[in-house]
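Report on one structure; see the data block that follows.
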Amino acid sequence: MVSFISGVLKELISSEENISEIIFILPSKRAGSFLLKELSALSENHIFAPKVYSIEEFTEVISETKTVDNTLTLFEFYNVYKKITPLEEQEDFETFTAWAQSLIHDFNEIDRYLIDYKSFFNYLADIQDLKHWSIQEPKTDLINNYLSFWNSLPAFYEALKEELLSKNTGYQGLIYRKASENIPEYTQKHTAKHVFIGFNALNTAEQLIVQHLVENDRAEIYWDLDEVFVKDRQHDASLFINQYVKDWPVYREKEAKLNVSEYSKPKNIQVTGVPKNVGQAKYLGELLANLDKETLQETAVVLGEEDLLLPVLNSLPPNVKDLNITMGFPLKNAPIASLFDRLFQIHQNTASGYYYKDVISVINHPALHELLKQETEIFIEKIQSENTVNLSEKEIISSFSAGAKPLIEACFKDLENSPLKAIEAFQQIINQIKDHYKTDQNKLGLEFLYQFHVLFNKLENLNQTYPHLKSVKSLYQFYKEIMSTQSLDFQGRPFKGLQLMGMLESRALDFKNVIICSVNEGVLPSGKSGSSFIPFDLKQTYKLPTYKEKDAVYTYHFYRLLQRAQNVHLLYNTETDGLNSGEKSRFLTQLEIEKQPAHQLTHTMVSPKVPAIKNELREVKKTPEIMEKLKSLAGSGFSPSALTSYIRNPLDFYRQYVLGVRDREEVEETVAYNTLGTVVHDSLENFYKPLEDKILTAENIKAFKARIEEEITLQFKKSYMNGPVNQGKNLLIYEVAKRYLRNFLNLELNRLETEEIKILKIEKTLKSEIRIEHLDFPIFMRGKVDRAENSNGTTRIIDYKTGKVTQDKIEIVDWEDLTSDYDKYSKSFQVLAYTKMMEDQNLLELPVEAGIISFKNLKSGFLKFGKKDKPRTKNKETAINKEILDAFEIELKKLITEICDPEIPFKEKEL
């Protein structure tokens, strides 16, 4: 395969041109490097290397002006904006940047296409005047301000242009305009031949420059477009070049250099649909794994999306020894980038303290975790144990050792909303991490750190020269702006091994084997973008590029890559997740419709094999070790909640009580339901405990009611630690707790009107032995009953529930159901268990009543346990006698026997 650049050089050498004196202009620097490589291979004698420019460099040479980036242009623009805008109408920098970015982009387009800005902006202002919605006269201030903005555009443009040119600088479009103005003078000074290679879509300024040089016999332009597309006037790939051949005066006298005939030659084109971007990267790795060293040398991988770079690098097979990456690694994807993002975000928060999750996300970041080591875990445990939701700067810093304090201070000290202090703090963090990375020989980490050091230096210098950044928020906005364009360049051998590049880096380059990824609609071509104030019809009127021309540019690049290639793999994402439509590019459909006779085109779909996952219920066999643990549990006593946990799901019982695996302790931001229950239970215990074996009086209840606020506050502080209860949901829950106690005490007062209540036991700890004949180890049941009382001569055992319980949940028909249905009978099981333990300890005489007081169902009062003969009958026995307890004991022993039987595994229940 003879590349296009090589073909042009051969033609120039054969015409006996002095190559060393030719000035070559190519679309990109990379194409220039390839030209010098090809020239060295073709030259038989030693020669001086010719001058080689990219088109951007060439316009700088002609205009004698230096290009400045978008960020610097924006700062300069704000300077001139403040000079020409009355003080009372000036916007702050953050508001200004919201519209100025798009305006600079439009200025750039106007200049690149050499449009008369005055008539253009007047036209645009008239359009906006027609578009506004107000029909009243005189116009409102809002409408006048709106129209004033559009009428100010010429002044903005002139002022920015003058300011930049006075410093011999300019944005790209301005340099193109100046170069087009300087081209006659440049042509007179330079008699050397200029050769333009591999161009396609030229803006008006570039067209003027090229035409002037060609007409004055100072240049030749070599077009790289196959005759298949040249002849097809409707094809987007030939849109621009055919237009130039038709319109340029120079081509009326001489023929354009269009002699490419490569596309119709035999090609093997494989179109493959792969789910997800990661799937494409993995499939690409499989394709490359089958290639030998020589084939890899002639292979290019073109990534439609830059986000594919990391997955592709991680998927490269071992046979890829040499790799040249033309794309830079986006700095925003560096691991350390997420740390600065988090720090920016927490310092923009105007709250008095730091939210604990934000603090943990910073100190747990891998870059800091390596430095802080165990101190991070200790600090997190402290937050969780003290249930601290919001932390002050002082609390955070004082929790770390003297060695870690400088780093923690840099992360969390108050920046006073000062951009300068933020940059200083971030540079301190970089220096601290740098020392650690040097010790650990983390070279890649050091490289990333250096790039961020340079970035923050740039921000600091910009802010000193142009003091427009007034807050951390505006600094973060610019940090993100610079980050979006910054990349870390890879070092490699530019002409050896596999070539990995983006679509634009492939301009003017040719490869025998080409693999293009993400050939999806919206990626290739990229589709519409709305970052412009110029309406579509105005762009058409002034011949500015629209999305149609942009699509034609991508069409040209796509087909040009295929021109000289012999083996082509086109991969596209089939998934419709996120912003991806999962729609293959129109280019693939075009390939099928316009298929050349010599092309071998195949279409396949690749999808990973996903095995069917059977949702089988798990079970755990009882090993000797598990049996020992069960014996230990039985000896200390099974609690009613442990036994009902087994009824609900034996595997939960196994995890929680046998393995001792508890839910991880987390910071409780909103008061949990069990915490509310603890607060209410403990408050009632403090109220009633001193009244054991005493008659309850109305005076007691009134005294309790007076202490509600004080007691609830005390219990929240004990159970909820540092958690805030004075705001949001927690304040509501705090008030609910007070309401629960108030309503309960009112219920007690109502009862005292008709009942004499004697308090027997409050929060009494119980334990009784369960004798099971065939088990040779002692078994106990233990628990704590909330309250036992005597009401008008009837003994009652009461269990408090802060949730809602209804009467049907504490009734039973068939004893066999007691240990099988958790939802219906767990409450009955618990109150019967408490009754049995109290009876075993001779703390009461049968018969008794047992039941529940539900704080969410207080109007139902005391919900008594009842034994029914039939499901739908209203007749039930509420007194618990020996017969009922004996029946309960039979079911209890069956349950415990099952738990302790070594032959019955813990089987998961389907919940």
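Just so we're on the same page: first chain in the structure tokens is A, next is B, and so on; residues restart at 1 for each chain, and ligands are numbered from 1 in the order they show up.
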Pick out the residues sitting within 6 Å of A:Pro847, and hand them over as a ChimeraX atom specification; count only C-alpha atoms, and ignore anything fewer than 4 positions along from it in its own chain.
/A:879-881
Write out as a compact mmCIF listing (two decimals) with C-alpha atoms, in the first residue's frame the residues lying within 8 Å of stretch 696-702 of chain A, counting only C-alpha atoms and excluding same-chain residues fewer than 4 positions away.
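Okay, this is what ended up in selection.txt:
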```
# COMPACT_ATOMS: atom_id res chain seq x y z
CA LEU A 691 -43.46 2.83 91.19
CA ALA A 706 -44.58 17.70 83.23
CA LEU A 745 -50.18 9.14 79.72
CA GLU A 748 -53.41 6.04 81.66
CA LEU A 749 -55.41 8.92 83.21
CA LEU A 752 -57.53 5.43 86.38
CA GLU A 756 -57.14 0.57 90.15
CA ILE A 757 -53.68 -0.08 88.69
CA LYS A 758 -50.82 -1.53 90.66
CA ILE A 759 -47.41 -1.62 88.96
```
DSSP on the backbone: what in stretch 551-798 of chain A comes out helix (DSSP H, G or I), as a PyMOL selection string?
chain A and resi 551-563+586-593+624-636+640-648+650-658+673-691+698-706+708-720+728-752
Preceding selection exported with C-alpha atoms as a tab-separated table (two decimals), in the first residue's frame:
```tsv
chain	number	residue	atom	x	y	z
A	551	ASP	CA	-21.72	15.85	9.07
A	552	ALA	CA	-20.05	16.14	5.64
A	553	VAL	CA	-16.66	16.64	7.35
A	554	TYR	CA	-17.10	13.40	9.30
A	555	THR	CA	-18.28	11.63	6.14
A	556	TYR	CA	-15.07	12.64	4.36
A	557	HIS	CA	-12.82	11.51	7.23
A	558	PHE	CA	-14.66	8.19	7.50
A	559	TYR	CA	-14.48	7.30	3.80
A	560	ARG	CA	-10.92	8.64	3.42
A	561	LEU	CA	-9.79	6.22	6.13
A	562	LEU	CA	-11.34	3.39	4.11
A	563	GLN	CA	-9.85	4.48	0.75
A	586	ARG	CA	-25.84	6.14	8.79
A	587	PHE	CA	-22.35	5.53	7.36
A	588	LEU	CA	-22.83	1.78	7.86
A	589	THR	CA	-26.14	1.84	6.00
A	590	GLN	CA	-24.47	3.86	3.24
A	591	LEU	CA	-21.70	1.27	2.96
A	592	GLU	CA	-24.27	-1.47	2.41
A	593	ILE	CA	-26.22	0.53	-0.19
A	624	PRO	CA	-19.86	-29.54	64.91
A	625	GLU	CA	-18.67	-25.92	65.29
A	626	ILE	CA	-22.17	-24.60	64.62
A	627	MET	CA	-23.63	-27.09	67.11
A	628	GLU	CA	-21.20	-25.85	69.76
A	629	LYS	CA	-22.33	-22.29	69.11
A	630	LEU	CA	-25.99	-23.36	69.35
A	631	LYS	CA	-25.32	-25.08	72.69
A	632	SER	CA	-23.68	-21.86	73.91
A	633	LEU	CA	-26.69	-19.82	72.75
A	634	ALA	CA	-29.06	-22.26	74.44
A	635	GLY	CA	-27.07	-22.03	77.68
A	636	SER	CA	-27.18	-18.23	77.77
A	640	PRO	CA	-38.18	-14.35	71.92
A	641	SER	CA	-36.85	-12.04	69.16
A	642	ALA	CA	-34.14	-14.64	68.29
A	643	LEU	CA	-36.76	-17.40	68.07
A	644	THR	CA	-39.12	-15.27	65.93
A	645	SER	CA	-36.12	-14.40	63.74
A	646	TYR	CA	-35.71	-18.14	63.06
A	647	ILE	CA	-39.44	-18.41	62.28
A	648	ARG	CA	-39.13	-15.57	59.77
A	650	PRO	CA	-33.64	-19.54	59.50
A	651	LEU	CA	-30.74	-18.11	57.47
A	652	ASP	CA	-31.16	-14.72	59.17
A	653	PHE	CA	-31.02	-16.47	62.55
A	654	TYR	CA	-27.84	-18.25	61.43
A	655	ARG	CA	-26.13	-15.03	60.31
A	656	GLN	CA	-27.21	-12.89	63.24
A	657	TYR	CA	-27.02	-15.26	66.21
A	658	VAL	CA	-24.73	-18.11	65.16
A	673	TYR	CA	-37.59	3.51	63.98
A	674	ASN	CA	-35.76	1.32	66.46
A	675	THR	CA	-34.12	4.43	67.96
A	676	LEU	CA	-37.55	6.03	68.40
A	677	GLY	CA	-38.70	2.81	70.10
A	678	THR	CA	-35.69	2.87	72.44
A	679	VAL	CA	-36.35	6.51	73.36
A	680	VAL	CA	-40.02	5.83	74.21
A	681	HIS	CA	-39.26	2.58	76.11
A	682	ASP	CA	-36.45	4.12	78.16
A	683	SER	CA	-38.52	7.22	78.97
A	684	LEU	CA	-41.39	5.05	80.28
A	685	GLU	CA	-38.92	2.94	82.26
A	686	ASN	CA	-37.55	6.07	83.98
A	687	PHE	CA	-41.09	7.24	84.74
A	688	TYR	CA	-42.53	3.95	86.09
A	689	LYS	CA	-39.54	2.08	87.60
A	690	PRO	CA	-39.78	3.87	90.98
A	691	LEU	CA	-43.46	2.83	91.19
A	698	ALA	CA	-53.34	10.54	88.81
A	699	GLU	CA	-50.73	12.70	90.53
A	700	ASN	CA	-47.99	10.33	89.28
A	701	ILE	CA	-49.24	10.70	85.71
A	702	LYS	CA	-49.45	14.49	85.93
A	703	ALA	CA	-45.88	14.58	87.26
A	704	PHE	CA	-44.76	12.41	84.34
A	705	LYS	CA	-46.49	14.72	81.85
A	706	ALA	CA	-44.58	17.70	83.23
A	708	ILE	CA	-41.97	14.70	79.04
A	709	GLU	CA	-39.83	17.35	77.27
A	710	GLU	CA	-36.91	16.91	79.65
A	711	GLU	CA	-37.02	13.10	79.52
A	712	ILE	CA	-37.33	12.84	75.72
A	713	THR	CA	-34.41	15.26	75.26
A	714	LEU	CA	-32.29	13.20	77.67
A	715	GLN	CA	-33.13	9.89	75.95
A	716	PHE	CA	-32.46	11.29	72.45
A	717	LYS	CA	-29.06	12.51	73.62
A	718	LYS	CA	-28.32	9.03	75.01
A	719	SER	CA	-29.62	7.01	72.05
A	720	TYR	CA	-29.03	9.41	69.14
A	728	GLY	CA	-35.92	18.55	59.32
A	729	LYS	CA	-37.38	15.05	59.71
A	730	ASN	CA	-35.65	14.58	63.05
A	731	LEU	CA	-37.54	17.50	64.57
A	732	LEU	CA	-40.78	15.87	63.42
A	733	ILE	CA	-39.74	12.51	64.94
A	734	TYR	CA	-38.74	14.30	68.17
A	735	GLU	CA	-42.22	15.82	68.34
A	736	VAL	CA	-43.76	12.40	67.54
A	737	ALA	CA	-41.92	10.88	70.52
A	738	LYS	CA	-43.32	13.59	72.80
A	739	ARG	CA	-46.81	13.05	71.32
A	740	TYR	CA	-46.55	9.28	71.92
A	741	LEU	CA	-45.75	9.79	75.60
A	742	ARG	CA	-48.44	12.46	76.05
A	743	ASN	CA	-51.13	10.31	74.42
A	744	PHE	CA	-50.06	7.24	76.42
A	745	LEU	CA	-50.18	9.14	79.72
A	746	ASN	CA	-53.63	10.52	78.78
A	747	LEU	CA	-54.74	6.92	78.21
A	748	GLU	CA	-53.41	6.04	81.66
A	749	LEU	CA	-55.41	8.92	83.21
A	750	ASN	CA	-58.58	7.69	81.51
A	751	ARG	CA	-57.97	4.17	82.81
A	752	LEU	CA	-57.53	5.43	86.38
```
Can you pull out every residue within 12 Å of A:Gly497, counting only C-alpha atoms, but drop anything in the same chain fewer than 6 positions away, and send it as a list in words?
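Result of the neighbour search: Leu288, Leu291, Asp292, Lys293, Glu294, Thr295, Leu296, Gln297, Glu298, Thr299, Ala300, Val301, Asn319, Val320, Lys321, Asp322, Leu323, Asn324 and Ile325 of chain A.
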Which polymer residues have any atom within 12 Å of an atom of A:Ser338, counting only C-alpha atoms, with same-chain residues fewer than 5 positions away left out, as a ChimeraX atom specification?
/A:331-333,343-345,361-362,364-368,452,480,483
Which of stretch 407-523 of chain A end up as strand (DSSP E) when DSSP is run on this backbone - answer as a list of chain:residue names?
A:Ser487, A:Leu488, A:Leu498, A:Gln499, A:Leu500, A:Met501, A:Gly502, A:Asn513, A:Val514, A:Ile515, A:Ile516, A:Cys517
Just write the chosen residues, C-alpha atoms, as a PDB file, in the first residue's frame.
```pdb
ATOM      1  CA  SER A 487      -4.691  16.067  28.571  1.00  0.00           C
ATOM      2  CA  LEU A 488      -1.580  14.144  29.452  1.00  0.00           C
ATOM      3  CA  LEU A 498      -0.037  -0.171  16.706  1.00  0.00           C
ATOM      4  CA  GLN A 499      -1.436   3.338  16.158  1.00  0.00           C
ATOM      5  CA  LEU A 500      -4.223   4.445  18.515  1.00  0.00           C
ATOM      6  CA  MET A 501      -5.920   7.739  17.628  1.00  0.00           C
ATOM      7  CA  GLY A 502      -9.075   9.826  17.387  1.00  0.00           C
ATOM      8  CA  ASN A 513      -5.742  -2.264   8.509  1.00  0.00           C
ATOM      9  CA  VAL A 514      -8.265   0.033  10.164  1.00  0.00           C
ATOM     10  CA  ILE A 515     -10.480  -0.593  13.215  1.00  0.00           C
ATOM     11  CA  ILE A 516     -13.008   2.147  13.993  1.00  0.00           C
ATOM     12  CA  CYS A 517     -14.969   2.031  17.261  1.00  0.00           C
TER      13      CYS A 517
END
```
Set the distance at 12 Å and use only C-alpha atoms: which residues neighbour stretch 834-839 of chain A once local chain neighbours fewer than 4 positions away are removed? I'd like the list as a VMD selection string.
chain A and resid 637 to 641 760 to 761 763 to 770 780 to 788 795 to 799 827 to 830 843 to 852 865 879 to 889 892
Could you tell me how far atom CA of A:Leu863 lies from atom CA of A:Asn792, in Å and to one decimal?
16.9 Å
Surrounding residues of stretch 86-94 of chain A excluding itself and chain neighbours under 4 positions, 8 Å, only C-alpha atoms, as a VMD selection string:
chain A and resid 78 82 98 468 to 469 474
Taking C-alpha atoms for each residue, export the selection above as a PDB file, in the first residue's frame.
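Result file follows (selection_21.pdb):
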```pdb
ATOM      1  CA  TYR A  78     -14.383  40.357  30.461  1.00  0.00           C
ATOM      2  CA  LYS A  82     -16.228  46.071  31.813  1.00  0.00           C
ATOM      3  CA  ALA A  98     -22.603  31.723  30.827  1.00  0.00           C
ATOM      4  CA  HIS A 468     -12.188  38.450  37.987  1.00  0.00           C
ATOM      5  CA  LEU A 469     -12.540  35.284  40.085  1.00  0.00           C
ATOM      6  CA  SER A 474     -16.195  30.840  39.998  1.00  0.00           C
TER       7      SER A 474
END
```
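Using only C-alpha atoms, the protein and nucleic acid residues lying no more than 10 Å from A:Ala41, apart from those fewer than 5 places from it along its own chain, are Ser6, Leu35 and Leu36 of chain A.
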Keeping only N, CA and C atoms, write those residues as a CSV table (one decimal), in the first residue's frame.
```csv
chain,number,residue,atom,x,y,z
A,6,SER,N,3.1,9.6,0.7
A,6,SER,CA,4.2,9.0,0.0
A,6,SER,C,4.0,9.3,-1.5
A,35,LEU,N,5.0,12.9,7.2
A,35,LEU,CA,5.6,13.3,5.9
A,35,LEU,C,7.1,13.3,6.0
A,36,LEU,N,7.7,13.7,7.1
A,36,LEU,CA,9.2,13.7,7.3
A,36,LEU,C,9.7,12.3,7.3
```
Please determine, counting only C-alpha atoms, which residue among A:Pro419, A:Glu549, A:Glu370, A:Tyr222 has the shortest atom-to-atom distance to A:Gln464.
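Under the stated criterion, the closest residue is A:Pro419.
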Which residue is closest to A:Ser28? Choose from A:Lys373, A:His235, A:Lys893, A:Arg507 and count only C-alpha atoms.
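Checking each candidate against A:Ser28, we get A:Arg507 as the closest.
Relative to atom CA of A:Asn203, atom CA of A:Asn216 is found at 20.0 Å.
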Which of these, A:Phe777, A:Gly304, A:Ser119, A:Ala672, has the shortest distance to A:Met503 once you count only C-alpha atoms?
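Once distances to A:Met503 are computed over only C-alpha atoms, the minimum belongs to A:Gly304.
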Quote the spacing between atom CA of A:Asp776 and atom CA of A:Glu891 in Å to one decimal place.
19.4 Å
